[in-house]
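> One structure follows; several queries about it will come next.
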Amino acid sequence: MSFDPTRVVFLHNPRCSKSRTVKSLLDEREVQYVERLYLEDPLSVEELAELRHLLDRPAREWIRSGEAAYAEAGLDAGAGEEAHLSAIAAHPILLERPIVVHGGEARVGRPPTAVLELL
């Protein structure tokens, strides 16, 4: 899947309160979006590399370093970009959430209203 700039893609984890809040924000505004449950349908390394470009931030800034999978993947502060992307692909729980992609850009919904900049 390549991120189509004309579509809104919502990378969602329904168990996350911030993710549920972003979903509510999108629904209240009647935004048409494609919801991707990334824990069930993980992003590939290629998709994550594209996401890095759309976020305009290195992966170390949008990886959940507090998760046990971070250490299990052998990551630390000195790990390189490819190591971070490979770890997120292998352990999708490491992906910071929620993320909305639209118009050739992406935003992490922390705070949830940050995603509204894209709409």
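Following the order of the structure tokens, chains are lettered A, B, ..., residues in each are numbered from 1, and ligands are numbered from 1.
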For the helix (DSSP H, G or I) assignment from backbone DSSP, which residues of chain A qualify? Please present them as a PyMOL selection string.
chain A and resi 17-28+45-55+59-61+68-72+81-90+92-94+112-118
> What would the file look like if the residues just selected were written as a PDB file, in the first residue's frame with C-alpha atoms?

```pdb
ATOM      1  CA  SER A  17      -7.615   6.225  24.087  1.00  0.00           C
ATOM      2  CA  LYS A  18      -5.804   8.823  21.930  1.00  0.00           C
ATOM      3  CA  SER A  19      -6.598   6.753  18.857  1.00  0.00           C
ATOM      4  CA  ARG A  20     -10.280   6.533  19.830  1.00  0.00           C
ATOM      5  CA  THR A  21     -10.309  10.306  20.362  1.00  0.00           C
ATOM      6  CA  VAL A  22      -8.895  10.913  16.876  1.00  0.00           C
ATOM      7  CA  LYS A  23     -11.504   8.553  15.426  1.00  0.00           C
ATOM      8  CA  SER A  24     -14.203  10.620  17.159  1.00  0.00           C
ATOM      9  CA  LEU A  25     -12.705  13.860  15.814  1.00  0.00           C
ATOM     10  CA  LEU A  26     -12.726  12.473  12.270  1.00  0.00           C
ATOM     11  CA  ASP A  27     -16.256  11.084  12.613  1.00  0.00           C
ATOM     12  CA  GLU A  28     -17.636  14.315  14.127  1.00  0.00           C
ATOM     13  CA  VAL A  45       9.330  -1.584   5.932  1.00  0.00           C
ATOM     14  CA  GLU A  46       8.653   0.186   2.625  1.00  0.00           C
ATOM     15  CA  GLU A  47       5.405   1.694   3.939  1.00  0.00           C
ATOM     16  CA  LEU A  48       7.167   2.768   7.122  1.00  0.00           C
ATOM     17  CA  ALA A  49       9.916   4.436   5.075  1.00  0.00           C
ATOM     18  CA  GLU A  50       7.210   6.323   3.170  1.00  0.00           C
ATOM     19  CA  LEU A  51       5.540   7.229   6.470  1.00  0.00           C
ATOM     20  CA  ARG A  52       8.872   8.564   7.761  1.00  0.00           C
ATOM     21  CA  HIS A  53       8.986  10.866   4.741  1.00  0.00           C
ATOM     22  CA  LEU A  54       5.364  11.973   5.218  1.00  0.00           C
ATOM     23  CA  LEU A  55       5.910  12.676   8.920  1.00  0.00           C
ATOM     24  CA  ALA A  59      11.553   6.909  13.160  1.00  0.00           C
ATOM     25  CA  ARG A  60      13.179   7.236  16.572  1.00  0.00           C
ATOM     26  CA  GLU A  61      10.768  10.146  17.170  1.00  0.00           C
ATOM     27  CA  ALA A  68       9.022  -4.366  25.893  1.00  0.00           C
ATOM     28  CA  ALA A  69       9.317  -5.112  22.160  1.00  0.00           C
ATOM     29  CA  TYR A  70      11.718  -2.162  21.835  1.00  0.00           C
ATOM     30  CA  ALA A  71      14.340  -3.870  23.991  1.00  0.00           C
ATOM     31  CA  GLU A  72      13.462  -7.296  22.554  1.00  0.00           C
ATOM     32  CA  GLU A  81      16.860   4.394  10.998  1.00  0.00           C
ATOM     33  CA  GLU A  82      16.677   1.040   9.222  1.00  0.00           C
ATOM     34  CA  ALA A  83      16.821  -0.815  12.533  1.00  0.00           C
ATOM     35  CA  HIS A  84      13.919   1.257  13.839  1.00  0.00           C
ATOM     36  CA  LEU A  85      11.813   0.699  10.704  1.00  0.00           C
ATOM     37  CA  SER A  86      12.541  -3.040  10.693  1.00  0.00           C
ATOM     38  CA  ALA A  87      11.609  -3.291  14.372  1.00  0.00           C
ATOM     39  CA  ILE A  88       8.281  -1.489  13.815  1.00  0.00           C
ATOM     40  CA  ALA A  89       7.501  -3.772  10.863  1.00  0.00           C
ATOM     41  CA  ALA A  90       8.254  -6.856  12.968  1.00  0.00           C
ATOM     42  CA  PRO A  92       3.749  -3.148  15.080  1.00  0.00           C
ATOM     43  CA  ILE A  93       2.997  -2.351  18.737  1.00  0.00           C
ATOM     44  CA  LEU A  94       6.061  -0.088  18.496  1.00  0.00           C
ATOM     45  CA  PRO A 112      -5.242  14.255  19.104  1.00  0.00           C
ATOM     46  CA  THR A 113      -6.091  17.669  17.609  1.00  0.00           C
ATOM     47  CA  ALA A 114      -2.700  17.705  15.826  1.00  0.00           C
ATOM     48  CA  VAL A 115      -4.211  15.590  13.044  1.00  0.00           C
ATOM     49  CA  LEU A 116      -6.715  18.355  12.227  1.00  0.00           C
ATOM     50  CA  GLU A 117      -3.883  20.331  10.578  1.00  0.00           C
ATOM     51  CA  LEU A 118      -4.155  17.889   7.653  1.00  0.00           C
TER      52      LEU A 118
END
```
> Return the single residue from A:Arg110, A:His12, A:Arg97, A:Arg57 that is closest to Val34 (chain A), with distances computed using only C-alpha atoms.
A:His12
> What does the structure give for the distance between CA of Gly80 (chain A) and CA of Pro42 (chain A), in Å to one decimal?
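Separating CA of Gly80 (chain A) from CA of Pro42 (chain A) is a distance of 20.5 Å.
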> Name the closest residue to Glu40 (chain A) among the candidates A:Val100, A:Ala106, A:Leu11, A:Ala77; distances are taken between atoms, counting only C-alpha atoms.
A:Leu11
> Which one of A:Pro5, A:Glu30, A:Leu95, A:Ser44 sits closest to Glu67 (chain A) if you count only C-alpha atoms?
A:Leu95
> Can you work out the spacing between CA of Gly104 (chain A) and CA of Val8 (chain A) in Å, to one decimal?
9.9 Å
> Between A:Arg7, A:Leu37, A:His91, A:Arg29, single out the one closest to Arg64 (chain A), counting only C-alpha atoms.
A:His91
> Could you go through region 70-118 of chain A and tell me which residues DSSP, when run on the backbone, assigns to strand (DSSP E or B), listing them as a PyMOL selection string?
chain A and resi 95+99-102+105-108
> Restricting it to N, CA and C atoms, dump the selection as a PDB file, in the first residue's frame.

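Writing the result to again-v9.pdb gives the following:
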```pdb
ATOM      1  N   LEU A  95       4.713   1.118  16.856  1.00  0.00           N
ATOM      2  CA  LEU A  95       4.301   2.303  16.104  1.00  0.00           C
ATOM      3  C   LEU A  95       3.547   3.257  17.018  1.00  0.00           C
ATOM      4  N   ILE A  99      -1.933   7.806  13.930  1.00  0.00           N
ATOM      5  CA  ILE A  99      -1.334   8.583  12.844  1.00  0.00           C
ATOM      6  C   ILE A  99      -2.383   8.751  11.762  1.00  0.00           C
ATOM      7  N   VAL A 100      -2.475   9.977  11.241  1.00  0.00           N
ATOM      8  CA  VAL A 100      -3.351  10.264  10.114  1.00  0.00           C
ATOM      9  C   VAL A 100      -2.467  10.742   8.966  1.00  0.00           C
ATOM     10  N   VAL A 101      -2.748  10.213   7.775  1.00  0.00           N
ATOM     11  CA  VAL A 101      -2.013  10.560   6.560  1.00  0.00           C
ATOM     12  C   VAL A 101      -2.988  11.178   5.575  1.00  0.00           C
ATOM     13  N   HIS A 102      -2.591  12.318   4.989  1.00  0.00           N
ATOM     14  CA  HIS A 102      -3.434  12.958   3.974  1.00  0.00           C
ATOM     15  C   HIS A 102      -2.634  14.061   3.283  1.00  0.00           C
ATOM     16  N   GLU A 105       1.206  14.369   3.548  1.00  0.00           N
ATOM     17  CA  GLU A 105       1.760  14.615   4.876  1.00  0.00           C
ATOM     18  C   GLU A 105       1.140  13.648   5.865  1.00  0.00           C
ATOM     19  N   ALA A 106       1.718  13.573   7.047  1.00  0.00           N
ATOM     20  CA  ALA A 106       1.175  12.739   8.115  1.00  0.00           C
ATOM     21  C   ALA A 106       1.408  13.438   9.442  1.00  0.00           C
ATOM     22  N   ARG A 107       0.554  13.132  10.410  1.00  0.00           N
ATOM     23  CA  ARG A 107       0.690  13.665  11.761  1.00  0.00           C
ATOM     24  C   ARG A 107       0.402  12.570  12.776  1.00  0.00           C
ATOM     25  N   VAL A 108       1.185  12.565  13.840  1.00  0.00           N
ATOM     26  CA  VAL A 108       0.900  11.721  14.992  1.00  0.00           C
ATOM     27  C   VAL A 108      -0.113  12.480  15.833  1.00  0.00           C
TER      28      VAL A 108
END
```
> Would you work out the distance separating CA of Pro111 (chain A) from CA of Pro98 (chain A), expressed in Å to one decimal?
9.7 Å
> Kindly indicate which residue among A:Val31, A:Leu39, A:Leu119, A:Leu75 lies nearest to Arg15 (chain A), using only C-alpha atoms for the distances.
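Nearest to Arg15 (chain A): A:Leu39.
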